[in-house]
Structure formats: C-alpha cells, structure tokens
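Asker: Sharing structure-v5.cif below, mmCIF, C-alpha atoms and all ligand atoms:
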```
data_run
#
loop_
_atom_site.label_atom_id
_atom_site.label_comp_id
_atom_site.auth_asym_id
_atom_site.auth_seq_id
_atom_site.Cartn_x
_atom_site.Cartn_y
_atom_site.Cartn_z
CA PRO A 824 12.76 15.40 -3.35
CA ARG A 825 12.35 12.76 -0.70
CA PRO A 826 13.81 9.37 -1.70
CA LEU A 827 10.95 6.87 -1.62
CA ILE A 828 10.65 3.11 -2.03
CA ILE A 829 7.17 1.65 -2.53
CA ASP A 830 6.62 -1.97 -1.50
CA CYS A 831 3.27 -3.17 -2.86
CA ASP A 832 1.01 -5.92 -4.21
CA PRO A 833 -0.86 -4.28 -7.11
CA GLY A 834 -3.88 -4.56 -6.76
CA VAL A 835 -6.21 -1.79 -7.89
CA ASP A 836 -5.66 0.59 -5.00
CA ASP A 837 -1.92 -0.11 -5.06
CA CYS A 838 -1.96 1.06 -8.70
CA MET A 839 -3.77 4.24 -7.66
CA ALA A 840 -1.04 4.78 -5.06
CA LEU A 841 1.64 4.19 -7.72
CA PHE A 842 -0.05 6.74 -9.99
CA ALA A 843 -0.11 9.32 -7.20
CA ALA A 844 3.54 8.74 -6.31
CA ALA A 845 4.69 8.70 -9.93
CA ALA A 846 3.05 12.07 -10.48
CA SER A 847 4.51 13.75 -7.38
CA PRO A 848 7.74 15.73 -7.75
CA GLU A 849 8.06 15.73 -3.95
CA PHE A 850 9.39 12.17 -4.28
CA ASP A 851 12.47 10.67 -5.82
CA LEU A 852 10.77 7.34 -6.56
CA MET A 853 13.82 5.09 -6.31
CA ALA A 854 12.15 1.73 -6.86
CA VAL A 855 9.00 -0.30 -6.55
CA CYS A 856 9.23 -3.66 -4.78
CA THR A 857 6.48 -6.24 -5.14
CA VAL A 858 5.22 -8.97 -2.86
CA ALA A 859 2.61 -11.72 -3.00
CA GLY A 860 -0.66 -10.38 -1.66
CA ASN A 861 -3.70 -9.44 -3.66
CA VAL A 862 -2.44 -11.77 -6.40
CA ARG A 863 0.69 -13.86 -6.95
CA VAL A 864 3.94 -11.92 -6.92
CA GLU A 865 4.63 -12.47 -10.65
CA THR A 866 1.30 -10.81 -11.42
CA CYS A 867 1.96 -7.98 -8.96
CA THR A 868 5.30 -7.37 -10.66
CA ALA A 869 3.75 -7.24 -14.13
CA ASN A 870 1.07 -4.89 -12.81
CA ALA A 871 3.61 -2.57 -11.18
CA LEU A 872 5.59 -2.41 -14.43
CA GLY A 873 2.41 -1.72 -16.39
CA ALA A 874 1.18 0.96 -13.98
CA LEU A 875 4.56 2.73 -14.04
CA ALA A 876 4.66 2.57 -17.85
CA LEU A 877 1.19 4.06 -18.06
CA ALA A 878 2.28 6.78 -15.63
CA GLY A 879 5.20 7.64 -17.89
CA ARG A 880 7.64 6.32 -15.26
CA GLY A 881 8.99 3.26 -17.01
CA ASP A 882 12.38 4.44 -15.75
CA VAL A 883 11.57 3.35 -12.17
CA PRO A 884 13.07 -0.10 -11.49
CA VAL A 885 10.80 -2.85 -10.17
CA TYR A 886 12.15 -5.57 -7.88
CA SER A 887 10.10 -8.71 -7.48
CA GLY A 888 9.92 -9.93 -3.89
CA CYS A 889 8.66 -12.71 -1.63
CA GLN A 890 6.36 -15.31 -3.12
CA THR A 891 4.96 -16.51 0.19
CA PRO A 892 4.40 -15.14 3.69
CA LEU A 893 6.88 -15.89 6.47
CA SER A 894 4.93 -18.61 8.29
CA VAL A 895 1.27 -18.77 7.30
CA GLU A 896 -0.25 -20.23 4.15
CA PRO A 897 -0.71 -17.65 1.36
CA VAL A 898 -4.06 -15.91 0.99
CA PHE A 899 -4.96 -13.79 -2.01
CA ALA A 900 -7.62 -11.15 -2.66
CA ASP A 901 -8.41 -11.82 -6.31
CA HIS A 902 -12.06 -12.07 -5.28
CA ILE A 903 -11.82 -8.28 -4.79
CA HIS A 904 -9.18 -7.19 -7.31
CA GLY A 905 -10.00 -9.67 -10.10
CA GLU A 906 -7.84 -12.45 -11.45
CA SER A 907 -5.43 -9.96 -13.02
CA GLY A 908 -5.34 -7.82 -9.88
CA LEU A 909 -6.48 -4.86 -11.98
CA GLY A 910 -10.24 -5.18 -12.01
CA CYS A 911 -11.49 -4.42 -15.53
CA ALA A 912 -8.44 -2.39 -16.51
CA VAL A 913 -5.92 -3.51 -19.11
CA LEU A 914 -2.53 -1.87 -18.79
CA PRO A 915 -0.14 -1.45 -21.70
CA PRO A 916 2.48 -4.17 -21.94
CA PRO A 917 5.52 -3.04 -19.93
CA GLN A 918 8.50 -1.92 -21.97
CA ARG A 919 10.92 -3.63 -19.63
CA GLY A 920 11.07 -6.49 -17.16
CA ALA A 921 11.76 -6.63 -13.46
CA GLU A 922 15.32 -6.16 -12.29
CA PRO A 923 17.47 -9.29 -12.03
CA VAL A 924 17.89 -8.83 -8.25
CA ASP A 925 15.13 -9.87 -5.82
CA ALA A 926 13.45 -7.21 -3.68
CA VAL A 927 14.83 -8.43 -0.34
CA SER A 928 18.45 -8.45 -1.55
CA TRP A 929 17.96 -5.04 -3.12
CA LEU A 930 16.41 -3.59 0.05
CA ILE A 931 19.27 -4.90 2.19
CA GLU A 932 21.95 -3.54 -0.12
CA THR A 933 20.21 -0.21 -0.64
CA LEU A 934 19.33 0.46 2.99
CA ARG A 935 22.81 -0.56 4.11
CA THR A 936 24.56 1.79 1.73
CA ALA A 937 22.12 4.74 1.75
CA ASP A 938 23.83 8.12 2.22
CA THR A 939 20.64 9.54 3.69
CA PRO A 940 17.96 7.39 5.35
CA LEU A 941 15.12 6.42 3.02
CA THR A 942 11.34 6.48 3.29
CA LEU A 943 9.42 3.24 2.78
CA ALA A 944 5.76 3.14 1.75
CA ILE A 945 4.26 -0.32 2.27
CA THR A 946 0.87 -1.04 0.73
CA GLY A 947 0.87 -4.84 0.80
CA PRO A 948 1.83 -7.59 3.23
CA ALA A 949 5.11 -6.60 4.92
CA THR A 950 6.98 -9.79 3.99
CA ASN A 951 9.81 -8.14 2.02
CA LEU A 952 10.91 -5.67 4.69
CA ALA A 953 10.44 -8.21 7.50
CA THR A 954 12.64 -10.72 5.68
CA ALA A 955 15.26 -8.04 5.07
CA LEU A 956 15.16 -7.02 8.77
CA MET A 957 15.63 -10.64 9.88
CA GLU A 958 18.55 -11.20 7.51
CA ALA A 959 20.19 -7.83 8.13
CA PRO A 960 19.03 -6.07 11.31
CA ASP A 961 21.54 -3.26 10.67
CA ILE A 962 19.44 -1.94 7.78
CA THR A 963 17.32 0.02 10.25
CA ALA A 964 20.00 2.72 10.07
CA GLY A 965 19.00 3.29 6.45
CA ILE A 966 15.31 3.77 7.22
CA ALA A 967 14.07 7.31 7.85
CA GLU A 968 10.40 6.51 8.11
CA ILE A 969 7.92 3.77 7.27
CA VAL A 970 4.31 4.47 6.33
CA VAL A 971 2.17 1.38 6.00
CA MET A 972 -1.41 0.61 5.06
CA GLY A 973 -2.66 -2.11 7.37
CA GLY A 974 -4.72 -3.03 10.34
CA ALA A 975 -8.03 -2.06 11.87
CA ASP A 976 -9.00 -0.94 15.34
CA LEU A 977 -12.50 0.45 15.81
CA GLU A 978 -13.53 -0.77 12.37
CA GLY A 979 -13.79 -4.53 12.07
CA GLY A 980 -11.63 -6.40 9.60
CA ASN A 981 -12.15 -6.86 5.88
CA ILE A 982 -10.78 -10.38 5.44
CA THR A 983 -12.02 -11.79 8.75
CA PRO A 984 -14.24 -10.06 11.31
CA HIS A 985 -11.07 -9.15 13.21
CA ALA A 986 -8.37 -8.65 10.59
CA GLU A 987 -7.45 -6.34 7.76
CA PHE A 988 -6.02 -8.10 4.67
CA ASN A 989 -2.39 -6.91 4.66
CA VAL A 990 -1.83 -7.86 8.30
CA TYR A 991 -3.79 -11.11 7.99
CA ALA A 992 -1.83 -12.14 4.89
CA ASP A 993 1.45 -12.01 6.81
CA PRO A 994 0.92 -11.22 10.50
CA HIS A 995 4.44 -12.31 11.49
CA ALA A 996 5.92 -9.87 9.00
CA ALA A 997 3.69 -7.06 10.25
CA GLN A 998 4.82 -7.76 13.80
CA ILE A 999 8.53 -7.66 12.84
CA VAL A 1000 8.12 -4.35 11.01
CA LEU A 1001 6.08 -2.84 13.85
CA ALA A 1002 8.83 -3.79 16.28
CA CYS A 1003 11.76 -2.54 14.19
CA GLY A 1004 12.23 0.64 16.17
CA ARG A 1005 12.13 3.12 13.31
CA PRO A 1006 9.41 5.80 13.02
CA ILE A 1007 6.34 4.10 11.60
CA THR A 1008 2.92 5.45 10.74
CA VAL A 1009 0.14 2.91 10.36
CA ILE A 1010 -2.93 3.75 8.29
CA GLY A 1011 -5.64 1.19 8.88
CA LEU A 1012 -9.23 0.67 7.87
CA ASP A 1013 -10.38 3.18 10.49
CA THR A 1014 -8.89 5.83 8.22
CA THR A 1015 -9.03 4.34 4.73
CA LEU A 1016 -12.73 3.48 4.90
CA GLN A 1017 -13.32 7.24 5.13
CA LEU A 1018 -11.88 7.79 1.63
CA ARG A 1019 -14.46 6.34 -0.76
CA CYS A 1020 -14.81 6.26 -4.51
CA THR A 1021 -18.36 7.61 -4.63
CA PRO A 1022 -20.16 7.94 -7.99
CA ALA A 1023 -19.49 11.70 -7.99
CA ARG A 1024 -15.78 11.09 -7.44
CA MET A 1025 -15.75 8.38 -10.10
CA ASP A 1026 -17.20 10.95 -12.52
CA ARG A 1027 -14.42 13.39 -11.64
CA LEU A 1028 -11.82 10.66 -12.22
CA ARG A 1029 -13.25 9.79 -15.61
CA ALA A 1030 -13.49 13.46 -16.62
CA ILE A 1031 -9.69 13.73 -16.51
CA GLY A 1032 -9.78 11.76 -19.73
CA SER A 1033 -6.19 10.47 -19.77
CA PRO A 1034 -5.19 6.80 -20.21
CA ALA A 1035 -4.08 6.61 -16.56
CA ALA A 1036 -7.35 8.11 -15.34
CA HIS A 1037 -9.33 5.70 -17.52
CA ALA A 1038 -7.35 2.76 -16.17
CA GLY A 1039 -7.94 3.98 -12.62
CA TRP A 1040 -11.64 4.29 -13.33
CA ASP A 1041 -11.79 0.77 -14.76
CA MET A 1042 -10.00 -0.59 -11.70
CA MET A 1043 -12.17 1.19 -9.16
CA ALA A 1044 -15.38 0.40 -11.06
CA HIS A 1045 -14.64 -3.29 -10.62
CA VAL A 1046 -14.08 -2.99 -6.88
CA ASN A 1047 -17.08 -0.67 -6.51
CA ALA A 1048 -19.27 -3.27 -8.21
CA ILE A 1049 -18.01 -6.02 -5.92
CA TYR A 1050 -18.48 -3.90 -2.83
CA GLY A 1051 -21.73 -2.49 -4.16
CA GLU A 1052 -23.95 -4.56 -1.94
CA ILE A 1053 -21.99 -3.65 1.15
CA TYR A 1054 -21.13 -0.02 0.55
CA GLY A 1055 -23.76 1.08 -1.95
CA ALA A 1056 -23.35 4.62 -3.23
CA GLU A 1057 -20.48 5.33 -0.87
CA GLY A 1058 -18.17 3.33 -3.12
CA ALA A 1059 -15.19 1.21 -2.21
CA ALA A 1060 -12.31 2.57 -0.16
CA LEU A 1061 -9.11 3.95 -1.65
CA HIS A 1062 -6.90 2.25 0.94
CA ASP A 1063 -3.38 2.38 -0.47
CA PRO A 1064 -3.34 5.92 -1.90
CA CYS A 1065 -3.73 7.09 1.71
CA VAL A 1066 -0.07 6.17 2.27
CA ILE A 1067 1.12 8.46 -0.51
CA LEU A 1068 -1.34 11.19 0.47
CA TYR A 1069 -0.08 11.00 4.06
CA LEU A 1070 3.52 11.45 2.89
CA LEU A 1071 2.47 14.45 0.81
CA ARG A 1072 0.09 16.07 3.29
CA PRO A 1073 0.17 14.61 6.81
CA ASP A 1074 -1.92 17.59 7.88
CA LEU A 1075 -4.90 16.03 6.09
CA PHE A 1076 -4.88 13.23 8.67
CA THR A 1077 -5.52 13.00 12.39
CA ALA A 1078 -3.15 10.69 14.20
CA GLU A 1079 -1.90 9.76 17.63
CA PRO A 1080 0.90 7.69 19.11
CA ALA A 1081 -0.10 4.12 19.92
CA ARG A 1082 1.24 0.75 20.88
CA ILE A 1083 0.39 -1.50 17.94
CA ALA A 1084 0.93 -5.22 17.76
CA ALA A 1085 -0.17 -7.75 15.14
CA LEU A 1086 -1.71 -10.91 16.54
CA THR A 1087 -0.38 -13.93 14.70
CA GLU A 1088 -2.34 -16.95 15.93
CA GLY A 1089 -5.77 -18.50 15.92
CA GLU A 1090 -9.08 -16.83 15.37
CA MET A 1091 -7.59 -13.40 16.01
CA ARG A 1092 -4.82 -13.86 13.41
CA GLY A 1093 -4.14 -10.57 11.69
CA HIS A 1094 -5.93 -8.48 14.29
CA SER A 1095 -4.02 -5.34 15.19
CA SER A 1096 -4.19 -4.48 18.83
CA VAL A 1097 -4.01 -0.70 19.02
CA THR A 1098 -3.48 0.93 22.42
CA ARG A 1099 -3.76 4.64 21.90
CA GLY A 1100 -1.87 6.91 24.23
CA SER A 1101 0.25 4.03 25.50
CA PRO A 1102 3.51 5.13 27.21
CA ASP A 1103 5.16 2.37 25.14
CA ALA A 1104 4.02 3.72 21.78
CA ASN A 1105 5.88 2.10 18.88
CA ALA A 1106 3.94 3.79 16.08
CA VAL A 1107 1.68 6.59 15.02
CA TRP A 1108 -1.85 5.39 14.28
CA THR A 1109 -3.99 7.53 12.01
CA THR A 1110 -7.54 7.99 13.14
CA GLY A 1111 -9.09 10.06 10.39
CA ILE A 1112 -8.66 11.84 7.07
CA ASP A 1113 -10.06 14.96 5.45
CA ALA A 1114 -11.52 12.85 2.66
CA GLU A 1115 -12.64 15.69 0.41
CA ALA A 1116 -9.25 17.40 0.43
CA ALA A 1117 -7.46 14.05 0.15
CA PHE A 1118 -9.48 13.04 -2.88
CA ASP A 1119 -8.88 16.45 -4.47
CA LEU A 1120 -5.14 15.93 -4.02
CA LEU A 1121 -5.24 12.39 -5.42
CA LEU A 1122 -7.16 13.59 -8.45
CA GLU A 1123 -4.89 16.57 -8.95
CA ARG A 1124 -1.91 14.20 -9.02
CA ILE A 1125 -3.51 11.68 -11.39
CA ALA A 1126 -4.41 14.58 -13.68
CA ARG A 1127 -0.69 15.33 -14.03
CA LEU A 1128 0.00 11.97 -15.68
C1 LIG A 1201 -5.53 -3.69 1.65
O1 LIG A 1201 -5.75 -5.01 1.15
C2 LIG A 1201 -5.55 -5.04 -0.21
O2 LIG A 1201 -6.52 -5.83 -0.82
C3 LIG A 1201 -5.54 -3.61 -0.69
O3 LIG A 1201 -4.69 -3.46 -1.80
C4 LIG A 1201 -5.04 -2.85 0.50
O4 LIG A 1201 -3.64 -2.78 0.51
C5 LIG A 1201 -6.81 -3.19 2.28
O5 LIG A 1201 -7.17 -4.03 3.35
CA CA A 1202 -2.34 -3.35 -1.41
#
```
Is it possible to give me this structure as structure tokens?
Ligand code: BDR
Ligand code: CA

Answerer:
Amino acid sequence: PRPLIIDCDPGVDDCMALFAAAASPEFDLMAVCTVAGNVRVETCTANALGALALAGRGDVPVYSGCQTPLSVEPVFADHIHGESGLGCAVLPPPQRGAEPVDAVSWLIETLRTADTPLTLAITGPATNLATALMEAPDITAGIAEIVVMGGADLEGGNITPHAEFNVYADPHAAQIVLACGRPITVIGLDTTLQLRCTPARMDRLRAIGSPAAHAGWDMMAHVNAIYGEIYGAEGAALHDPCVILYLLRPDLFTAEPARIAALTEGEMRGHSSVTRGSPDANAVWTTGIDAEAAFDLLLERIARL
C-alpha cells in the first residue's frame, strides 16, 4: 500500500475524504494532520479523531497543526460546515487524543527520515506543509507526490468572486507549496463542482445504513440545505473526496500540466492563476471528473466501513 498522509480541516467534505481513505487498502494511512480552516484547529482535530473512530481507524495518529495562516488574518467556513464543522452529524467521542507532537514538527521529522518518499493529500489550507518547507527545505526529498484540493480557474471562487476557500484562507502557504518543486496535482472548483451530492446520490448514501454512512448523510444534508438556493437539486459539491478518488483512480479525471500561482494580495487574494500548457508548468491541473464513476467509487468505499 502507498504510504499516505492527509492534511485537512474537517469539515464535512474532509470527513468524507477521511472515510474514503480509511476504507481503502491501497493506502497505508500513516497519519492525519489538522490545520485551522473550516473551523478552529482544535475543532478540526476533534473531528478528525471522531471521523477516524467512526471509520474503525482509531489506530491512525492525528497531529494537530497550525492555528493561524502564515500572514493573513484567519477566515473560517463555519457558515457552510456549521459551528461544529460537521453539519448536523454527531460523531462518537474519540477514544484517544491527538499526539503530543505538533503537525509541523511531525511532518519535518517524518519526511526527513522516510525510507521511501511519501504521498501527501491536502484538503485544507496548506499552512502546515508550507511552514514545514520554510523551516526545513530539505524535506522535499521525502515527498513523492502532493495532491491538493484548492483553487479555481474557469469557475469563479466560492469565498470571494475570485478565490476558492483553501487558497484564500492561506494564499502564502499555497504559493510556497506550489513552488516546492515536487510533483503536485491541484484539484480545484472546476473539477469538484462536477461531483455533486444530488438527492438520488444522497438516497444511495443513506441506503448503506451504517453509522459512517449516516454521519456522512447528516453532514452533506446540512451543506446541501445551505447551498440549496444556489445549487438546487444538483446538491453541494464533494470537494475533498476528489483528492482521495484521484489517488485511487486518476483515470477518472482529465488533467493537464499548468503553471499555477496563488495570488496573495488585494482584491484578487486567493485567486489561482492557471496557465494551461505553459512551458514552465509546475503542477498538473485537473479539468474534469467522471462524476458518476467517481461517486460510485466513493460510495463503494464508504460501504466498506
Ligand atoms: C474547500 O473549502 C472547504 O470549505 C472545503 O472543506 C474544501 O476543502 C472547498 O473550497
Ligand atoms: Ca477542507
């Protein structure tokens, strides 16, 4: 199995991503790191522990990470994810706490000493990895691949007209990670808005009948209700699971090399400038997803829990 570290801010769709990863034998899920994003980092950490416990993976260590972005003032998305970050879902109390080491220190130590380079899935603001890269630039040798949910090109933003939340929340961190020189795939709103939790898909999720599936339904129902006026019957997007689905089945996505930069200042803060086909490509930018097959895969994984 591929050694995988998930860096996240759960968050309803982060929890769906955690469920999918926890259920996938293709991964050796080494650890989950948390970062301030959708809600405060303490809440994200509790949610990650709860989601892993519900997924039967209470053995996976959770490292709590950065409480604030590198330079900008914190922004949260509890208006979307609810005060708890979990919508209407209530997760079982975690059986254990977070590890005594912070996420940045753990990332530095782990990436420095890795026998084989590791895969990083980032589904929140990129503050933890960016901080680690600034403190210890040599850790790039321990990174095989980074897959990140963030940004928007043809689609407008979701937190400002120009910016997607994860990039907006810490644009300086996004820029550092994008420039780190390791293989990086960026899955932005152009792709994730194609994977929706429609009523028919919500019914399929509920029909699984397990505690994890019920929790997932309760989370997505909350976001669907909030987005109802905007998206109607299409349902809200399953942004973060796309990262795990990409790692499992990249063939379900269309993608092309691109030069991607995160704008850090002013009205365009958090905008990702995506130049497809650039000779200076620093990333792979996904452009589309086979949503039906991707949702089938997500459901098949959640059904294993
Ligand atoms: C991203 O922002 C967060 O609210 C979601 O969890 C996802 O990672 C989508 O823009
Ligand atoms: Ca997230």

Asker: For a test of reading the model, state the distance in Å between atom CA of A:Met957 and atom CA of A:Glu932, rounded to one decimal.

Answerer: 13.8 Å

Asker: Counting all atoms listed in the file, name the residues that have an atom within 10 Å of an atom of ligand LIG 1201 (chain A); the answer should be given as number ranges by chain.

Answerer: A: 831-840, 860-862, 899-904, 908, 945-948, 971-975, 980-982, 986-992, 1010-1012, 1015-1016, 1060-1066

Asker: As an exercise, work out the distance from atom CA of A:Ile962 to atom CA of A:Glu922 in Å and give it to one decimal place.

Answerer: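 For atom CA of A:Ile962 relative to atom CA of A:Glu922, the distance reads 20.9 Å.
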
Asker: Starting from the point (-15.3, 16.7, 6.4), work out which residues of protein, DNA or RNA have an atom no more than 12 Å away when counting all atoms listed in the file; state them as number ranges by chain.

Answerer: A: 1017-1018, 1075-1076, 1111-1118

Asker: For A:Gly873, list every protein, DNA or RNA residue within 10 Å, evaluated using only C-alpha atoms, and leave out those in the same chain fewer than 4 positions away; present the list as a ChimeraX atom specification.

Answerer: /A:838,867-869,877-881,913-920

Asker: So how far away is atom CA of A:Leu1028 from atom CA of A:Ile1125, in Å?

Answerer: 8.4 Å

Asker: As an NGL selection string, please: the residues near stretch 1085-1092 of chain A (cut-off 10 Å, all atoms listed in the file, same-chain neighbours under 4 positions excluded).

Answerer: :A and (894-895 or 973-974 or 983-987 or 990-1002 or 1096-1097)

Asker: So which residues fall inside 12 Å of (9.0, 3.1, -2.7) if we count all atoms listed in the file? Mind giving them as a PyMOL selection string?

Answerer: chain A and resi 825-831+837+840-841+843-845+850-857+871+883-886+926+930+933+941-947+952+966+968-971+1066-1067+1070

Asker: Extract, using all atoms listed in the file, all DNA, RNA and protein residues at most 7 Å from A:Thr954, discarding same-chain residues fewer than 4 positions from it, and format them as a PyMOL selection string.

Answerer: chain A and resi 927+950+958

Asker: So, counting all atoms listed in the file, which residue among A:Arg1005, A:Ala949, A:Arg1029, A:Ser887 is closest to ligand CA 1202 (chain A)?

Answerer: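 Closest residue, counting all atoms listed in the file: A:Ala949.
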
Asker: Pick the closest to ligand CA 1202 (chain A) from A:Val858, A:Ala959, A:Cys1020, A:Ala1126: which is it, counting all atoms listed in the file?

Answerer: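 Residue with the minimum atom-to-atom distance to ligand CA 1202 (chain A): A:Val858.
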
Asker: Between A:Ser1095, A:Ser847, A:Asn870, A:Ser1101, which residue has the minimum interatomic distance to ligand CA 1202 (chain A), considering all atoms listed in the file?

Answerer: A:Asn870

Asker: Around all the atoms of stretch 878-896 of chain A listed in the file, with 6 Å of room on each side, what axis-aligned box do you get, giving centre and edge lengths in Å to one decimal, as lines of an AutoDock Vina configuration file?

Answerer:
```
center_x = 6.4
center_y = -6.3
center_z = -4.8
size_x = 25.3
size_y = 39.9
size_z = 38.2
```

Asker: Could you give me stretch 1049-1073 of chain A completed to N, CA and C atoms, formatted as a short mmCIF file (atom, residue, chain, number, x, y, z; two decimals), keeping the file's coordinate frame?

Answerer:
```cif
data_model
loop_
_atom_site.label_atom_id
_atom_site.label_comp_id
_atom_site.auth_asym_id
_atom_site.auth_seq_id
_atom_site.Cartn_x
_atom_site.Cartn_y
_atom_site.Cartn_z
N ILE A 1049 -18.09 -4.91 -6.87
CA ILE A 1049 -18.01 -6.02 -5.92
C ILE A 1049 -18.47 -5.60 -4.53
N TYR A 1050 -18.10 -4.39 -4.16
CA TYR A 1050 -18.48 -3.90 -2.83
C TYR A 1050 -19.87 -3.26 -2.83
N GLY A 1051 -20.48 -3.22 -4.02
CA GLY A 1051 -21.73 -2.49 -4.16
C GLY A 1051 -22.76 -2.84 -3.11
N GLU A 1052 -22.90 -4.15 -2.88
CA GLU A 1052 -23.95 -4.56 -1.94
C GLU A 1052 -23.63 -4.12 -0.53
N ILE A 1053 -22.35 -4.03 -0.22
CA ILE A 1053 -21.99 -3.65 1.15
C ILE A 1053 -22.01 -2.14 1.31
N TYR A 1054 -21.36 -1.45 0.35
CA TYR A 1054 -21.13 -0.02 0.55
C TYR A 1054 -22.08 0.88 -0.23
N GLY A 1055 -22.81 0.29 -1.19
CA GLY A 1055 -23.76 1.08 -1.95
C GLY A 1055 -23.11 2.29 -2.59
N ALA A 1056 -23.80 3.42 -2.53
CA ALA A 1056 -23.35 4.62 -3.23
C ALA A 1056 -22.09 5.24 -2.62
N GLU A 1057 -21.70 4.77 -1.46
CA GLU A 1057 -20.48 5.33 -0.87
C GLU A 1057 -19.25 4.95 -1.67
N GLY A 1058 -19.32 3.80 -2.35
CA GLY A 1058 -18.17 3.33 -3.12
C GLY A 1058 -17.14 2.65 -2.25
N ALA A 1059 -16.25 1.93 -2.92
CA ALA A 1059 -15.19 1.21 -2.21
C ALA A 1059 -14.14 2.19 -1.69
N ALA A 1060 -13.33 1.71 -0.77
CA ALA A 1060 -12.31 2.57 -0.16
C ALA A 1060 -11.06 2.62 -1.03
N LEU A 1061 -10.41 3.76 -1.00
CA LEU A 1061 -9.11 3.95 -1.65
C LEU A 1061 -8.04 3.77 -0.56
N HIS A 1062 -7.79 2.50 -0.20
CA HIS A 1062 -6.90 2.25 0.94
C HIS A 1062 -5.47 2.77 0.69
N ASP A 1063 -4.83 2.17 -0.33
CA ASP A 1063 -3.38 2.38 -0.47
C ASP A 1063 -2.96 3.80 -0.84
N PRO A 1064 -3.75 4.54 -1.64
CA PRO A 1064 -3.34 5.92 -1.90
C PRO A 1064 -3.19 6.74 -0.63
N CYS A 1065 -3.86 6.33 0.45
CA CYS A 1065 -3.73 7.09 1.71
C CYS A 1065 -2.27 7.18 2.16
N VAL A 1066 -1.48 6.15 1.86
CA VAL A 1066 -0.07 6.17 2.27
C VAL A 1066 0.67 7.30 1.56
N ILE A 1067 0.44 7.41 0.27
CA ILE A 1067 1.12 8.46 -0.51
C ILE A 1067 0.58 9.83 -0.11
N LEU A 1068 -0.73 9.91 0.08
CA LEU A 1068 -1.34 11.19 0.47
C LEU A 1068 -0.82 11.63 1.83
N TYR A 1069 -0.62 10.67 2.73
CA TYR A 1069 -0.08 11.00 4.06
C TYR A 1069 1.33 11.57 3.92
N LEU A 1070 2.14 10.96 3.07
CA LEU A 1070 3.52 11.45 2.89
C LEU A 1070 3.52 12.85 2.29
N LEU A 1071 2.55 13.12 1.43
CA LEU A 1071 2.47 14.45 0.81
C LEU A 1071 1.89 15.48 1.77
N ARG A 1072 0.84 15.11 2.47
CA ARG A 1072 0.09 16.07 3.29
C ARG A 1072 -0.36 15.44 4.60
N PRO A 1073 0.58 15.22 5.54
CA PRO A 1073 0.17 14.61 6.81
C PRO A 1073 -0.89 15.44 7.55
#
```
